[in-house]
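**Q** Before I ask anything, let me first share the structure, which is written out below as structure tokens.
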Amino acid sequence: MKKALVLPALAVLGGLAGFALRTWQLSTAVDPQSGIIQSDHPATLGLLLLSALLALVLLVLSRSVPLPEPDALPNPFYCPNSLYITAMSVSGLLLLAAGGLGLMNTFLDYQELQAQWVPDQPPVPFPAIAVLCGGLCLAAGASVLIFGRSNYRGLNASGWLIGSLPPGYLALLMLIDYYVAHSSDPLLLRYAWSLLGWVTTLVSLYAVSSCCYRKPAPRITLFFSGCAVYLQLLSLADRPESFQIMAIAALIFYLLAQSAALTQNCLAPRMPSGALDEPENNQENQNQNISFDAEK
């Protein structure tokens, strides 16, 4: 199991280093009048260098993972490990809490805007995307708990397949919401890292689902999962809202758990064909020898 934790641990350590560099960049490399981030600042250059270096290392490590046979892993995320089920439980509970918090804040803000509305102004738009994000957080939280329990117990029921889908739909909606909120900002460096974080999160969650539907892509899954964890940890330096922080943390736990389980299953030694039959054959031979000696 220790080898399976190398790639997730590297993504976490890189994300913490990126968080520190991003914090340094936002505190010292931003022009106070225009808000432009200096591209030649040491924090900016260090962040770019760290991102390129980490992406290269993650690519090499993911490419070194052996590819199993298509039918060798009926459940590529099977992991009867207490650390795995703990991470999945934390992820599911965080998503449930994020969904409740997001819906509550959305409706409170909407009621406050309606109370301040005057007849001469245009009507207050209903926050449909925010409500959908909160609802999908609830659905994704329940599905993550089901998915984690199925992988922990080695169950391949229909709920196992369906449980891998809602987190991807949530990431897609969160990506759309984030892009709509920041697309009018002309300064790309102010939101590029968070945007890349949601893009890689969406791709990695799609790859996790593809592994469940007998289209395994373990190397793509591991690479983009590592990049997503790194970028999402880095983006926490932008101080997002509490709802987004909880959702990001939940998806980080989710991707770390799937990466460790997938790596462990790919690295697990394969038992040669007929090995399972050898003990039975040996037992039969022993019984035959005993009966032969008794006849003598």
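A note on labels: chains of the structure tokens are A, B, ... as shown, every chain counts residues from 1, and ligands are counted from 1 in their shown order.
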Do a neighbour search on Leu50 (chain A) at 10 Å with only C-alpha atoms, toss out local chain neighbours closer than 2 positions, and write the hits as a ChimeraX atom specification.

**A** /A:14-15,17-18,21,44-48,52-56

**Q** Any idea what's packed within 8 Å of region 236-252 of chain A, counting only C-alpha atoms, ignoring anything in its chain fewer than 2 positions away? Could you give it as a list in words?

**A**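 The filter keeps Phe19, Ala20, Arg22, Thr23, Val90, Ser91, Gly92, Leu94, Leu95, Ala97, Ala98, Gly99, Leu101, Gly102, Cys137, Pro167, Ala228, Val229, Gln232, Leu233, Leu234, Tyr254, Leu255 and Leu256 of chain A.
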
**Q** Considering only C-alpha atoms, state which residue in the set A:Ile37, A:Leu136, A:Leu195, A:Leu262 is at the smallest distance from Pro218 (chain A).

**A** A:Leu262

**Q** Please give the complete set of residues from region 88-191 of chain A that DSSP, run on the backbone, assigns to helix (DSSP H, G or I), formatted as a PyMOL selection string.

**A** chain A and resi 88-115+128-153+158-162+166-182+188-190

**Q** Hey, which of A:Ala261, A:Val203, A:Ala192, A:Val144 ends up closest to Ala171 (chain A)? Count only C-alpha atoms.

**A**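 Between A:Ala261, A:Val203, A:Ala192, A:Val144, the residue approaching Ala171 (chain A) most closely is A:Val203.
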
**Q** Kindly indicate which residue among A:Gly197, A:Pro74, A:Pro32, A:Gly135 lies nearest to Met104 (chain A), using only C-alpha atoms for the distances.

**A**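 Checking each of A:Gly197, A:Pro74, A:Pro32, A:Gly135 against Met104 (chain A), counting only C-alpha atoms, the winner is A:Gly135.
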
**Q** Considering only C-alpha atoms, state which residue in the set A:Pro216, A:Pro127, A:Pro122, A:Pro166 is at the smallest distance from Ala142 (chain A).

**A**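 Residue with the minimum atom-to-atom distance to Ala142 (chain A): A:Pro166.
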
**Q** Show me, as a CSV table (one decimal) with N, CA and C atoms, in the first residue's frame, the residues that have an atom within 10 Å of Ile36 (chain A) when counting only C-alpha atoms, minus same-chain residues fewer than 2 positions from it.

**A**
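As written to disk, selection_16.csv reads:
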```
chain,number,residue,atom,x,y,z
A,29,ALA,N,2.9,40.4,-5.3
A,29,ALA,CA,3.0,40.6,-6.8
A,29,ALA,C,1.9,41.3,-7.4
A,30,VAL,N,0.9,41.8,-6.7
A,30,VAL,CA,-0.3,42.4,-7.2
A,30,VAL,C,-0.1,43.9,-7.1
A,31,ASP,N,-0.3,44.6,-8.2
A,31,ASP,CA,-0.3,46.1,-8.2
A,31,ASP,C,-1.5,46.6,-7.5
A,32,PRO,N,-1.3,47.4,-6.4
A,32,PRO,CA,-2.5,47.9,-5.6
A,32,PRO,C,-3.5,48.7,-6.4
A,33,GLN,N,-3.1,49.4,-7.4
A,33,GLN,CA,-4.0,50.3,-8.2
A,33,GLN,C,-4.7,49.6,-9.3
A,34,SER,N,-4.0,48.9,-10.1
A,34,SER,CA,-4.6,48.2,-11.3
A,34,SER,C,-5.0,46.8,-11.0
A,38,GLN,N,2.2,40.8,-11.4
A,38,GLN,CA,3.4,40.9,-12.1
A,38,GLN,C,3.9,39.6,-12.6
A,39,SER,N,4.1,39.4,-13.9
A,39,SER,CA,4.5,38.2,-14.5
A,39,SER,C,6.0,37.8,-14.2
A,186,PRO,N,-10.6,40.7,-17.2
A,186,PRO,CA,-9.5,40.6,-18.3
A,186,PRO,C,-8.2,40.1,-17.8
A,187,LEU,N,-8.0,40.0,-16.5
A,187,LEU,CA,-6.7,39.6,-16.0
A,187,LEU,C,-6.8,38.1,-15.7
A,188,LEU,N,-6.2,37.3,-16.7
A,188,LEU,CA,-6.3,35.9,-16.6
A,188,LEU,C,-5.6,35.3,-15.4
A,189,LEU,N,-4.5,35.9,-15.0
A,189,LEU,CA,-3.7,35.3,-13.9
A,189,LEU,C,-4.4,35.3,-12.6
A,190,ARG,N,-5.5,36.1,-12.5
A,190,ARG,CA,-6.2,36.2,-11.2
A,190,ARG,C,-7.1,35.0,-11.0
```

**Q** Please indicate the distance in Å from CA of Val118 (chain A) to CA of Thr106 (chain A), rounded to one decimal place.

**A**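 It comes out at 20.3 Å.
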
**Q** Between A:Ser183, A:Leu61, A:Met174, A:Phe126, which is the closest to Gln114 (chain A) once you count only C-alpha atoms?

**A**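 When distances to Gln114 (chain A) are compared using only C-alpha atoms, the smallest one comes from A:Phe126.
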
**Q** Give the answer as one residue: which of A:Ser235, A:Thr28, A:Ser210, A:Ile220 has the shortest atom-to-atom distance to Tyr191 (chain A), using only C-alpha atoms?

**A** A:Ser235

**Q** Expressed in Å to a single decimal, how great is the separation between CA of Val124 (chain A) and CA of Gln111 (chain A)?

**A** 9.7 Å
